[in-house]
$ cat run.tsv   # TSV, C-alpha atoms
chain	number	residue	atom	x	y	z
N	1	MET	CA	127.34	117.85	128.40
N	2	ALA	CA	130.35	115.55	128.02
N	3	SER	CA	132.12	115.04	124.70
N	4	SER	CA	131.78	111.29	125.25
N	5	ASP	CA	127.98	111.67	125.14
N	6	ILE	CA	128.19	113.46	121.79
N	7	GLY	CA	130.56	110.77	120.57
N	8	LEU	CA	128.02	108.05	121.40
N	9	ILE	CA	125.27	109.95	119.59
N	10	LEU	CA	127.44	110.38	116.49
N	11	GLU	CA	128.42	106.71	116.61
N	12	ASN	CA	124.78	105.62	116.75
N	13	SER	CA	123.91	108.05	113.96
N	14	LYS	CA	126.56	106.48	111.72
N	15	GLU	CA	125.22	103.02	112.59
N	16	LEU	CA	121.71	104.18	111.71
N	17	ASP	CA	122.92	105.46	108.32
N	18	ARG	CA	124.68	102.16	107.68
N	19	LEU	CA	121.56	100.14	108.53
N	20	ARG	CA	119.40	102.25	106.24
N	21	LYS	CA	121.82	101.89	103.33
N	22	GLU	CA	121.85	98.13	103.81
N	23	GLN	CA	118.05	98.11	103.91
N	24	GLU	CA	117.92	99.99	100.62
N	25	GLU	CA	120.26	97.45	99.02
N	26	VAL	CA	118.20	94.53	100.32
N	27	LEU	CA	114.94	96.11	99.14
N	28	LEU	CA	116.43	96.57	95.67
N	29	GLU	CA	117.28	92.87	95.58
N	30	ILE	CA	113.78	91.98	96.79
N	31	ASN	CA	112.22	94.13	94.06
N	32	LYS	CA	114.40	92.40	91.45
N	33	MET	CA	113.21	89.01	92.69
N	34	HIS	CA	109.56	90.17	92.61
N	35	LYS	CA	109.91	91.33	89.00
N	36	LYS	CA	111.59	88.07	88.04
N	37	LEU	CA	108.84	85.96	89.63
N	38	GLN	CA	106.09	88.10	88.11
N	39	ALA	CA	107.63	87.79	84.65
N	40	THR	CA	108.45	84.06	84.84
N	41	PRO	CA	106.50	82.45	87.73
N	42	GLU	CA	107.10	79.01	86.25
N	43	VAL	CA	110.80	79.25	87.13
N	44	VAL	CA	110.12	78.12	90.71
N	45	GLU	CA	108.90	74.75	89.40
N	46	LYS	CA	112.23	73.96	87.76
N	47	PRO	CA	114.39	71.41	89.63
N	48	GLY	CA	117.14	73.06	91.59
N	49	ASP	CA	115.69	76.57	91.44
N	50	THR	CA	116.45	78.56	94.59
N	51	SER	CA	114.41	81.69	93.88
N	52	LEU	CA	111.99	81.23	96.79
N	53	ALA	CA	114.77	80.33	99.23
N	54	LYS	CA	116.70	83.44	98.17
N	55	LEU	CA	113.56	85.58	98.57
N	56	LYS	CA	112.99	84.19	102.06
N	57	SER	CA	116.60	84.95	102.98
N	58	LEU	CA	116.21	88.53	101.74
N	59	TYR	CA	113.00	89.03	103.71
N	60	THR	CA	114.70	87.67	106.83
N	61	GLN	CA	117.61	90.04	106.30
N	62	ALA	CA	115.25	92.98	105.78
N	63	LYS	CA	113.38	92.09	108.99
N	64	GLU	CA	116.61	91.91	111.02
N	65	LEU	CA	117.83	95.24	109.63
N	66	SER	CA	114.49	96.86	110.40
N	67	GLU	CA	114.58	95.57	113.99
N	68	SER	CA	118.17	96.83	114.37
N	69	GLU	CA	117.13	100.24	113.05
N	70	VAL	CA	114.34	100.44	115.64
N	71	SER	CA	116.79	99.47	118.39
N	72	VAL	CA	119.41	102.05	117.38
N	73	SER	CA	116.74	104.75	116.90
N	74	GLY	CA	115.43	104.02	120.39
N	75	ALA	CA	118.94	104.31	121.85
N	76	LEU	CA	119.42	107.65	120.09
N	77	LEU	CA	116.13	108.98	121.43
N	78	THR	CA	117.07	107.94	124.96
N	79	GLN	CA	120.48	109.64	124.67
N	80	LEU	CA	118.95	112.85	123.31
N	81	ASP	CA	116.20	112.91	125.96
N	82	ALA	CA	118.89	112.63	128.66
N	83	LEU	CA	120.87	115.53	127.23
N	84	LEU	CA	118.04	117.94	126.36
N	85	PRO	CA	116.76	120.30	129.08
N	86	SER	CA	113.31	119.49	130.34
N	87	GLY	CA	112.00	123.03	129.59
N	88	PRO	CA	108.41	124.18	130.09
N	89	PRO	CA	105.80	121.39	130.13
N	90	GLY	CA	104.20	122.64	126.93
N	91	GLN	CA	107.46	122.45	124.95
N	92	GLN	CA	108.25	118.98	126.28
N	93	ARG	CA	104.75	117.74	125.35
N	94	ARG	CA	105.04	119.07	121.80
N	95	ARG	CA	108.42	117.36	121.37
N	96	ILE	CA	107.04	114.02	122.57
N	97	GLU	CA	103.97	114.34	120.36
N	98	GLY	CA	106.25	115.02	117.40
N	99	ASN	CA	108.25	111.87	118.14
N	100	ASP	CA	105.05	109.82	118.46
N	101	GLN	CA	103.77	111.07	115.12
N	102	LYS	CA	107.11	110.26	113.48
N	103	ARG	CA	107.09	106.75	114.95
N	104	LYS	CA	103.52	106.19	113.69
N	105	ARG	CA	104.49	107.40	110.20
N	106	ILE	CA	107.58	105.16	110.14
N	107	LYS	CA	105.50	102.22	111.34
N	108	ALA	CA	102.85	102.84	108.65
N	109	ASP	CA	105.52	103.08	105.91
N	110	SER	CA	107.17	99.93	107.26
N	111	ASP	CA	103.85	98.04	107.35
N	112	ILE	CA	103.15	98.95	103.70
N	113	SER	CA	106.65	97.90	102.60
N	114	ARG	CA	106.11	94.46	104.17
N	115	LEU	CA	102.91	93.77	102.24
N	116	SER	CA	102.90	91.30	99.37
N	117	PRO	CA	103.45	92.73	95.85
N	118	ALA	CA	99.82	91.99	94.93
N	119	VAL	CA	98.44	93.90	97.92
N	120	ARG	CA	100.85	96.80	97.39
N	121	SER	CA	99.81	96.95	93.74
N	122	GLN	CA	96.13	97.01	94.79
N	123	LEU	CA	96.76	99.87	97.23
N	124	GLU	CA	98.66	101.83	94.58
N	125	ALA	CA	95.77	101.31	92.14
N	126	CYS	CA	93.34	102.64	94.76
N	127	ALA	CA	95.53	105.68	95.43
N	128	SER	CA	95.67	106.42	91.69
N	129	LEU	CA	91.86	106.83	91.59
N	130	LYS	CA	92.01	110.29	93.18
N	131	GLY	CA	89.81	112.66	91.18
N	132	GLU	CA	88.17	109.77	89.27
N	133	GLN	CA	84.50	108.79	89.29
N	134	VAL	CA	83.86	105.30	90.68
N	135	ALA	CA	80.94	103.08	91.65
N	136	ALA	CA	80.41	103.11	95.43
N	137	ARG	CA	78.18	101.10	97.75
N	138	VAL	CA	76.98	103.71	100.25
N	139	THR	CA	74.79	101.43	102.39
N	140	GLY	CA	76.06	99.50	105.40
N	141	ASP	CA	76.65	95.76	105.66
N	142	ASN	CA	73.39	95.31	107.59
N	143	ALA	CA	71.18	97.18	105.14
N	144	GLU	CA	68.25	95.33	103.56
N	145	LYS	CA	69.41	96.29	100.07
N	146	ASP	CA	72.50	97.80	98.50
N	147	GLU	CA	72.58	101.28	97.03
N	148	TRP	CA	75.30	102.15	94.55
N	149	PHE	CA	76.07	105.69	93.38
N	150	VAL	CA	78.55	107.37	91.10
N	151	VAL	CA	80.95	109.30	93.35
N	152	LYS	CA	84.21	111.19	92.99
N	153	VAL	CA	87.31	110.00	94.88
N	154	ILE	CA	88.81	112.72	97.10
N	155	HIS	CA	91.40	110.71	99.02
N	156	PHE	CA	92.53	107.15	99.75
N	157	ASP	CA	94.12	106.25	103.11
N	158	ARG	CA	96.57	103.37	102.59
N	159	GLU	CA	96.73	102.61	106.31
N	160	THR	CA	92.97	102.29	106.97
N	161	LYS	CA	92.22	101.21	103.35
N	162	GLU	CA	89.36	103.73	103.29
N	163	PHE	CA	88.24	106.05	100.50
N	164	GLU	CA	86.89	109.53	101.10
N	165	VAL	CA	84.41	110.15	98.30
N	166	LEU	CA	81.99	112.88	97.26
N	167	ASP	CA	78.47	112.38	95.93
N	168	GLU	CA	78.30	115.46	93.70
N	169	GLU	CA	74.65	115.01	92.70
N	170	PRO	CA	72.62	113.63	95.65
N	171	GLY	CA	68.99	112.77	94.93
N	172	ASP	CA	66.01	114.92	95.75
N	173	ASP	CA	65.26	112.81	98.81
N	174	GLU	CA	68.58	113.67	100.47
N	175	GLU	CA	67.99	115.67	103.65
N	176	SER	CA	71.06	117.87	103.22
N	177	GLY	CA	70.20	118.80	99.65
N	178	GLY	CA	73.88	119.49	98.88
N	179	GLN	CA	76.93	117.43	98.05
N	180	ARG	CA	77.54	114.59	100.46
N	181	LYS	CA	80.80	112.96	101.57
N	182	TYR	CA	81.29	109.31	102.55
N	183	LYS	CA	84.15	107.35	104.08
N	184	LEU	CA	84.05	103.86	102.59
N	185	HIS	CA	86.25	100.78	102.79
N	186	MET	CA	88.00	99.82	99.57
N	187	SER	CA	85.71	96.77	99.29
N	188	CYS	CA	82.80	99.18	98.67
N	189	ILE	CA	84.43	100.74	95.61
N	190	ILE	CA	84.50	99.47	92.00
N	191	PRO	CA	86.47	101.50	89.42
N	192	PHE	CA	84.80	102.11	86.07
N	193	PRO	CA	86.60	101.13	82.84
N	194	LYS	CA	88.73	103.93	81.40
N	195	ARG	CA	86.55	106.19	79.27
N	196	ASN	CA	89.13	106.48	76.47
N	197	ASP	CA	90.06	102.78	76.51
N	198	PRO	CA	87.31	100.32	75.47
N	199	SER	CA	89.79	97.45	75.85
N	200	SER	CA	89.59	97.98	79.63
N	201	ALA	CA	85.88	97.04	79.59
N	202	PRO	CA	84.92	93.45	80.54
N	203	ASP	CA	83.42	91.41	77.71
N	204	PHE	CA	80.14	90.50	79.44
N	205	PRO	CA	78.17	87.77	77.59
N	206	PRO	CA	74.38	87.97	77.05
N	207	GLY	CA	72.49	87.03	80.20
N	208	ARG	CA	75.23	88.26	82.54
N	209	HIS	CA	74.09	90.42	85.47
N	210	VAL	CA	75.88	93.73	85.91
N	211	LEU	CA	75.60	97.06	87.71
N	212	ALA	CA	75.09	100.01	85.39
N	213	VAL	CA	74.34	103.70	85.60
N	214	TYR	CA	70.76	104.19	84.48
N	215	PRO	CA	70.69	106.87	81.74
N	216	GLY	CA	69.96	110.33	83.13
N	217	THR	CA	70.88	109.43	86.74
N	218	THR	CA	73.95	108.94	88.91
N	219	ALA	CA	72.63	105.75	90.51
N	220	LEU	CA	73.61	102.22	89.55
N	221	TYR	CA	71.05	99.45	89.17
N	222	LYS	CA	71.16	95.75	88.52
N	223	ALA	CA	70.76	94.97	84.82
N	224	THR	CA	71.03	92.05	82.43
N	225	VAL	CA	73.20	92.14	79.33
N	226	VAL	CA	71.02	91.74	76.22
N	227	SER	CA	73.79	92.08	73.67
N	228	PRO	CA	77.54	92.06	74.28
N	229	LEU	CA	79.92	94.97	73.96
N	230	ARG	CA	79.70	96.72	70.58
N	231	LYS	CA	83.22	97.95	69.94
N	232	VAL	CA	82.79	100.50	67.18
N	233	THR	CA	84.36	103.83	68.11
N	234	ILE	CA	85.00	105.15	71.60
N	235	PRO	CA	81.81	107.27	71.88
N	236	SER	CA	79.76	104.47	70.32
N	237	THR	CA	81.10	101.56	72.34
N	238	TYR	CA	78.19	100.34	74.45
N	239	TYR	CA	76.17	97.50	75.95
N	240	LEU	CA	72.46	96.92	75.39
N	241	LEU	CA	71.02	96.29	78.87
N	242	GLU	CA	67.67	95.44	80.41
N	243	PHE	CA	67.34	96.98	83.87
N	244	ASP	CA	65.65	95.24	86.78
N	245	ASP	CA	62.92	97.12	88.62
N	246	ASP	CA	61.62	96.91	92.17
N	247	GLU	CA	58.15	97.97	91.10
N	248	GLU	CA	55.33	95.58	90.25
N	249	ASP	CA	55.23	96.48	86.58
N	250	GLY	CA	58.32	94.40	85.86
N	251	ALA	CA	61.53	95.23	84.03
N	252	LEU	CA	62.40	98.65	82.76
N	253	PRO	CA	62.81	99.10	78.99
N	254	GLN	CA	66.07	98.13	77.40
N	255	ARG	CA	68.67	100.86	77.36
N	256	VAL	CA	71.99	101.50	75.62
N	257	VAL	CA	74.69	102.24	78.21
N	258	PRO	CA	78.29	103.32	77.48
N	259	PHE	CA	80.93	100.76	78.42
N	260	TYR	CA	82.55	103.13	80.96
N	261	LYS	CA	79.36	103.16	83.09
N	262	VAL	CA	79.05	99.39	83.56
N	263	VAL	CA	80.78	97.22	86.20
N	264	PRO	CA	80.45	93.56	87.26
N	265	LEU	CA	77.64	92.75	89.69
N	266	PRO	CA	79.31	92.24	93.10
N	267	GLU	CA	78.92	88.84	94.73
N	268	GLY	CA	76.16	88.89	97.35
N	269	HIS	CA	74.48	91.99	95.89
N	270	ARG	CA	71.23	92.77	97.71
N	271	GLN	CA	68.58	94.17	95.37
$ encode --input "run.tsv" --output "structure tokens"
Amino acid sequence: MASSDIGLILENSKELDRLRKEQEEVLLEINKMHKKLQATPEVVEKPGDTSLAKLKSLYTQAKELSESEVSVSGALLTQLDALLPSGPPGQQRRRIEGNDQKRKRIKADSDISRLSPAVRSQLEACASLKGEQVAARVTGDNAEKDEWFVVKVIHFDRETKEFEVLDEEPGDDEESGGQRKYKLHMSCIIPFPKRNDPSSAPDFPPGRHVLAVYPGTTALYKATVVSPLRKVTIPSTYYLLEFDDDEEDGALPQRVVPFYKVVPLPEGHRQ
């Protein structure tokens, strides 16, 4: 192993450090611009404002630095592969698999960092639901009607945008009889309003269709708002709802439902 080879590796390592520091500085500037635009979006309409042009320049710079980092990282890997002994096949395979996993993780982190602020914020909100109860559509897109249950969030995968959820109280007709897990796309999940914050509940007007947990069950059904939100105290903040019914005898009786068990009726809901 020649000292010149080590010198090249150290030189590329320093270049990699420099690129990463520059990326951090650029990302800080981008975040500052995002905050500025979120706080005062009207600024871009002022004559002579260069906010969007500056943001574009920063994104271009971040893209170029990211591409340079990939190039230098690739050169480093090639240099290291040339210097390392081949060793037993099993050891070599494990080393390659480790590199592949690292590349996939770096790519996933990079993909998330390139998303728009709104999408990143949505993903962060989904990730924050871990351990919370949410409304979940557990039927497929081709089902004749939608079924919504109250489930507990176990995990959210930012890359696939899928939730892993647990139905803690499956119905009597479930074959397994025990708790059941689902993997559902984020579009199948609706968070409930915060139980200790009535201000987070939508102010549904009378006549508005909603999905609500029917008292005594963990299933959500389509209902119609009879009277709007009664904001008294937290335990007594509720809607008066009239539930729809699939049976021939018409609508179910009106029921009082706490605000934290009611969500908007999704567009295209199949009853």
$ closest_residue --input "run.tsv" --among "N:Ala118, N:Ser57, N:Ala62, N:Ala143" --to "Gln23 (chain N)" --atoms "only C-alpha atoms"
N:Ala62
$ closest_residue --input "run.tsv" --among "N:Tyr214, N:Tyr239, N:Phe204, N:Phe149" --to "Cys188 (chain N)" --atoms "all atoms listed in the file"
N:Phe149
$ closest_residue --input "run.tsv" --among "N:Ile154, N:Leu83, N:Val263, N:Val119" --to "Ser4 (chain N)" --atoms "all atoms listed in the file"
N:Leu83
$ closest_residue --input "run.tsv" --among "N:Thr237, N:Ser227, N:Ser71, N:Asn12" --to "Gln254 (chain N)" --atoms "only C-alpha atoms"
N:Ser227
$ atom_distance --input "run.tsv" --atom1 "CA of Glu69 (chain N)" --atom2 "CA of Arg158 (chain N)"
23.3 Å
